[in-house]
Structures are given as C-alpha cells and as structure tokens.
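Q: Before anything else, here's the structure in question.
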Amino acid sequence: MKISDAVLDVMSVLWEQPGLAASDVHDALGTEKDWTSRTVKTLLARLVEKGALRTEEDGRRYLYFPLVEEGTYKAGAARQFVDQVFSGRAAPLVAHLADTRGLTADDIAELEKLLGELKK
C-alpha cells in the first residue's frame with residue numbers, strides 16, 4: 001500500500017495513539033501542519049477507503065484504528081524504495097548513505113551487529 005506524505009503524517013498519529021477521533025488527530029498534528037479539521041477528515045476517509053484504517057462509532061463521532069501495522073508498512077515502503085532506486089540491492093543503498101550523510105561510529109557498530117546476525 002502506497003501512502004502519501006500527508007497521509008503518512010495522519011497514520012503516524014494513529015500508530016502512536018490508536019482510537020482517536022478526527023478532532024483528536026487534528027489536535028495531535030497541531031501547528032506542525034496548517035490543516036483544517038476538514039482536511040484531516042478527508043485524509044482519514046481516504047485511509048478508510050484504502051483499507052488502512054477502520055472506524056468504530058463512539059456516540060456521534062468515529063474513532064479511527066490502523067489496520068496496517070507501522071512496521072509492516074515501513075518494511076514494504078523500504079523494500080519498494082530499494083527495488084526502484086537500487087535495483088533491489090541493499091549494499092549500494094548503504095554505500096550511498098555513507099557517502100552523502102556520513103555514518104557515525106554508532107551507525108557502523110549497529111550495521112556490523114546486523115551483518116553479524118545475518119551471517120549466523
């Protein structure tokens with residue numbers, strides 16, 4: 001499932017706090033986004049249509065719950081990115097990140113640990 005940056009912001013709020021009403025999502029986005037509550041409701045409706053969220057009635061309002069797990073989404077998005085940009089190979093991605101952003105000693109240690117676990 002492909003999610004736009006705007007919709008990803010909404011999903012991030014609901015991954016952190018499932019079961020919010022549209023007004024709560026709007027409040028959680030705060031001044032970070034200059035969106036009206038109507039915009040947030042439109043984004044939530046699109047996510048429900050896509051099957052990324054489910055709703056539950058709570059009096060006169062709806063509560064929104066993610067149907068897509070954050071880790072599952074991120075793994076799929078990362079896989080799609082690596083496939084499209086790096087022909088499905090992780091090594092060129094890591095090399096690119098090292099060249100353009102630099103890797104800290106902690107980053108390198110973490111990568112070495114991951115590689116060691118993969119070799120087992």
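A note on labels: chains of the structure tokens are A, B, ... as shown, every chain counts residues from 1, and ligands are counted from 1 in their shown order.
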Among the residues of chain A, find those DSSP assigns to strand (DSSP E or B) from the backbone and print them as a list in words.
A: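 DSSP-assigned strand (DSSP E or B) residues in chain A: Leu20, Ala21, Leu53, Arg54, Thr55, Glu56, Glu57, Asp58, Arg61, Tyr62, Leu63, Tyr64, Phe65 and Pro66 of chain A.
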Q: I need the helix (DSSP H, G or I) residues of range 80-115 of chain A per DSSP on the backbone, written as number ranges by chain.
A: A: 80-86, 90-101, 105-115
Q: Please list as a list in words every residue within 10 Å of Gly51 in chain A, counting only C-alpha atoms and excluding residues in the same chain fewer than 2 positions away.
A: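 So the residues in contact are Met1, Ala45, Arg46, Leu47, Val48, Glu49, Leu53, Arg54, Pro66, Leu67 and Val68 of chain A.
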Q: Output all heavy atoms for every residue in the selection just made, as a PDB file, in the first residue's frame.
A:
ATOM      1  N   MET A   1       0.840  -1.171   0.000  1.00  0.00           N
ATOM      2  CA  MET A   1       0.000   0.000   0.000  1.00  0.00           C
ATOM      3  C   MET A   1       0.888   1.238   0.000  1.00  0.00           C
ATOM      4  O   MET A   1       1.781   1.373   0.816  1.00  0.00           O
ATOM      5  CB  MET A   1      -0.891  -0.009   1.246  1.00  0.00           C
ATOM      6  CG  MET A   1      -1.677   1.245   1.443  1.00  0.00           C
ATOM      7  SD  MET A   1      -2.720   1.208   2.898  1.00  0.00           S
ATOM      8  CE  MET A   1      -3.708  -0.217   2.553  1.00  0.00           C
ATOM      9  N   ALA A  45     -10.852   9.649   5.704  1.00  0.00           N
ATOM     10  CA  ALA A  45     -11.804   8.940   4.832  1.00  0.00           C
ATOM     11  C   ALA A  45     -11.070   8.184   3.733  1.00  0.00           C
ATOM     12  O   ALA A  45     -11.416   7.037   3.415  1.00  0.00           O
ATOM     13  CB  ALA A  45     -12.795   9.929   4.230  1.00  0.00           C
ATOM     14  N   ARG A  46     -10.031   8.795   3.164  1.00  0.00           N
ATOM     15  CA  ARG A  46      -9.236   8.110   2.123  1.00  0.00           C
ATOM     16  C   ARG A  46      -8.558   6.864   2.690  1.00  0.00           C
ATOM     17  O   ARG A  46      -8.486   5.833   2.029  1.00  0.00           O
ATOM     18  CB  ARG A  46      -8.186   9.060   1.549  1.00  0.00           C
ATOM     19  CG  ARG A  46      -8.751  10.119   0.664  1.00  0.00           C
ATOM     20  CD  ARG A  46      -7.660  11.001   0.128  1.00  0.00           C
ATOM     21  NE  ARG A  46      -8.228  12.153  -0.550  1.00  0.00           N
ATOM     22  CZ  ARG A  46      -7.550  13.246  -0.840  1.00  0.00           C
ATOM     23  NH1 ARG A  46      -6.269  13.357  -0.515  1.00  0.00           N
ATOM     24  NH2 ARG A  46      -8.134  14.249  -1.465  1.00  0.00           N
ATOM     25  N   LEU A  47      -8.060   6.973   3.917  1.00  0.00           N
ATOM     26  CA  LEU A  47      -7.405   5.829   4.535  1.00  0.00           C
ATOM     27  C   LEU A  47      -8.395   4.708   4.831  1.00  0.00           C
ATOM     28  O   LEU A  47      -8.054   3.531   4.723  1.00  0.00           O
ATOM     29  CB  LEU A  47      -6.672   6.262   5.808  1.00  0.00           C
ATOM     30  CG  LEU A  47      -5.363   7.006   5.552  1.00  0.00           C
ATOM     31  CD1 LEU A  47      -4.915   7.753   6.798  1.00  0.00           C
ATOM     32  CD2 LEU A  47      -4.294   6.040   5.084  1.00  0.00           C
ATOM     33  N   VAL A  48      -9.602   5.068   5.210  1.00  0.00           N
ATOM     34  CA  VAL A  48     -10.640   4.058   5.434  1.00  0.00           C
ATOM     35  C   VAL A  48     -10.970   3.373   4.109  1.00  0.00           C
ATOM     36  O   VAL A  48     -11.052   2.143   4.034  1.00  0.00           O
ATOM     37  CB  VAL A  48     -11.908   4.683   6.070  1.00  0.00           C
ATOM     38  CG1 VAL A  48     -13.061   3.693   6.081  1.00  0.00           C
ATOM     39  CG2 VAL A  48     -11.599   5.157   7.489  1.00  0.00           C
ATOM     40  N   GLU A  49     -11.117   4.161   3.025  1.00  0.00           N
ATOM     41  CA  GLU A  49     -11.403   3.597   1.698  1.00  0.00           C
ATOM     42  C   GLU A  49     -10.302   2.657   1.227  1.00  0.00           C
ATOM     43  O   GLU A  49     -10.572   1.645   0.597  1.00  0.00           O
ATOM     44  CB  GLU A  49     -11.583   4.718   0.674  1.00  0.00           C
ATOM     45  CG  GLU A  49     -12.874   5.486   0.815  1.00  0.00           C
ATOM     46  CD  GLU A  49     -12.939   6.681  -0.125  1.00  0.00           C
ATOM     47  OE1 GLU A  49     -12.167   6.723  -1.105  1.00  0.00           O
ATOM     48  OE2 GLU A  49     -13.769   7.573   0.125  1.00  0.00           O
ATOM     49  N   LEU A  53      -7.374   1.983   7.590  1.00  0.00           N
ATOM     50  CA  LEU A  53      -7.990   2.291   8.875  1.00  0.00           C
ATOM     51  C   LEU A  53      -9.370   1.655   8.949  1.00  0.00           C
ATOM     52  O   LEU A  53     -10.015   1.441   7.929  1.00  0.00           O
ATOM     53  CB  LEU A  53      -8.187   3.810   9.051  1.00  0.00           C
ATOM     54  CG  LEU A  53      -6.980   4.711   9.140  1.00  0.00           C
ATOM     55  CD1 LEU A  53      -7.429   6.161   9.242  1.00  0.00           C
ATOM     56  CD2 LEU A  53      -6.099   4.352  10.329  1.00  0.00           C
ATOM     57  N   ARG A  54      -9.800   1.401  10.177  1.00  0.00           N
ATOM     58  CA  ARG A  54     -11.188   1.008  10.411  1.00  0.00           C
ATOM     59  C   ARG A  54     -11.773   2.031  11.367  1.00  0.00           C
ATOM     60  O   ARG A  54     -11.048   2.728  12.096  1.00  0.00           O
ATOM     61  CB  ARG A  54     -11.290  -0.404  10.980  1.00  0.00           C
ATOM     62  CG  ARG A  54     -10.848  -0.551  12.410  1.00  0.00           C
ATOM     63  CD  ARG A  54     -11.133  -1.949  12.965  1.00  0.00           C
ATOM     64  NE  ARG A  54     -10.587  -2.088  14.303  1.00  0.00           N
ATOM     65  CZ  ARG A  54     -11.180  -1.684  15.403  1.00  0.00           C
ATOM     66  NH1 ARG A  54     -12.361  -1.114  15.348  1.00  0.00           N
ATOM     67  NH2 ARG A  54     -10.604  -1.847  16.590  1.00  0.00           N
ATOM     68  N   PRO A  66      -5.749   1.902  13.122  1.00  0.00           N
ATOM     69  CA  PRO A  66      -4.949   1.405  11.994  1.00  0.00           C
ATOM     70  C   PRO A  66      -5.187  -0.087  11.748  1.00  0.00           C
ATOM     71  O   PRO A  66      -5.285  -0.870  12.691  1.00  0.00           O
ATOM     72  CB  PRO A  66      -3.498   1.636  12.437  1.00  0.00           C
ATOM     73  CG  PRO A  66      -3.553   2.489  13.643  1.00  0.00           C
ATOM     74  CD  PRO A  66      -4.919   2.362  14.231  1.00  0.00           C
ATOM     75  N   LEU A  67      -5.299  -0.450  10.498  1.00  0.00           N
ATOM     76  CA  LEU A  67      -5.365  -1.855  10.097  1.00  0.00           C
ATOM     77  C   LEU A  67      -4.023  -2.321   9.537  1.00  0.00           C
ATOM     78  O   LEU A  67      -3.803  -3.504   9.356  1.00  0.00           O
ATOM     79  CB  LEU A  67      -6.463  -2.064   9.044  1.00  0.00           C
ATOM     80  CG  LEU A  67      -7.889  -1.880   9.542  1.00  0.00           C
ATOM     81  CD1 LEU A  67      -8.872  -1.964   8.385  1.00  0.00           C
ATOM     82  CD2 LEU A  67      -8.225  -2.918  10.600  1.00  0.00           C
ATOM     83  N   VAL A  68      -3.157  -1.368   9.271  1.00  0.00           N
ATOM     84  CA  VAL A  68      -1.818  -1.651   8.767  1.00  0.00           C
ATOM     85  C   VAL A  68      -0.840  -1.344   9.894  1.00  0.00           C
ATOM     86  O   VAL A  68      -0.851  -0.243  10.442  1.00  0.00           O
ATOM     87  CB  VAL A  68      -1.491  -0.761   7.542  1.00  0.00           C
ATOM     88  CG1 VAL A  68      -0.076  -0.987   7.061  1.00  0.00           C
ATOM     89  CG2 VAL A  68      -2.495  -0.989   6.429  1.00  0.00           C
TER      90      VAL A  68
END
Q: Which value, in Å to one decimal, gives the distance between CA of Arg61 in chain A and CA of Asp27 in chain A?
A: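 Here the two named atoms are 15.3 Å from each other.
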Q: Would you mind listing what lies within 12 Å of Lys33 in chain A as a list in words, with only C-alpha atoms counted and same-chain residues fewer than 3 positions away left out?
A: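 The contact residues come out as Asp5, Ala6, Val7, Asp9, Val10, Val25, His26, Asp27, Ala28, Leu29, Gly30, Thr36, Ser37, Thr39 and Val40 of chain A.
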Q: For CA of Ser4 in chain A and CA of Gln17 in chain A, determine how far apart the two atoms are, in Å to one decimal place.
A: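 According to the coordinates, CA of Ser4 in chain A and CA of Gln17 in chain A are separated by 19.8 Å.
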Q: Which residues, written as a list in words, have at least one atom at most 12 Å from Leu115 in chain A, with only C-alpha atoms counted and residues fewer than 5 positions away on the same chain left out?
A: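 So, after excluding close chain neighbours, the residues are Ala90, Ala91, Ile108, Ala109, Glu110 and Lys120 of chain A.
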Q: With distances taken over only C-alpha atoms, which residue among A:Arg60, A:Lys113, A:Phe65, A:Leu43 lies nearest Gly19 in chain A?
A: A:Phe65
Q: Expressed in Å to a single decimal, how great is the separation between CA of Leu20 in chain A and CA of Glu32 in chain A?
A: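 Rounded to one decimal, the two atoms are 18.0 Å apart.
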Q: Find the residue from A:Glu112, A:Asp83, A:Asp107, A:Glu70 that sits nearest to Leu14 in chain A; use only C-alpha atoms when measuring.
A: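 Smallest distance to Leu14 in chain A is found for A:Glu70.
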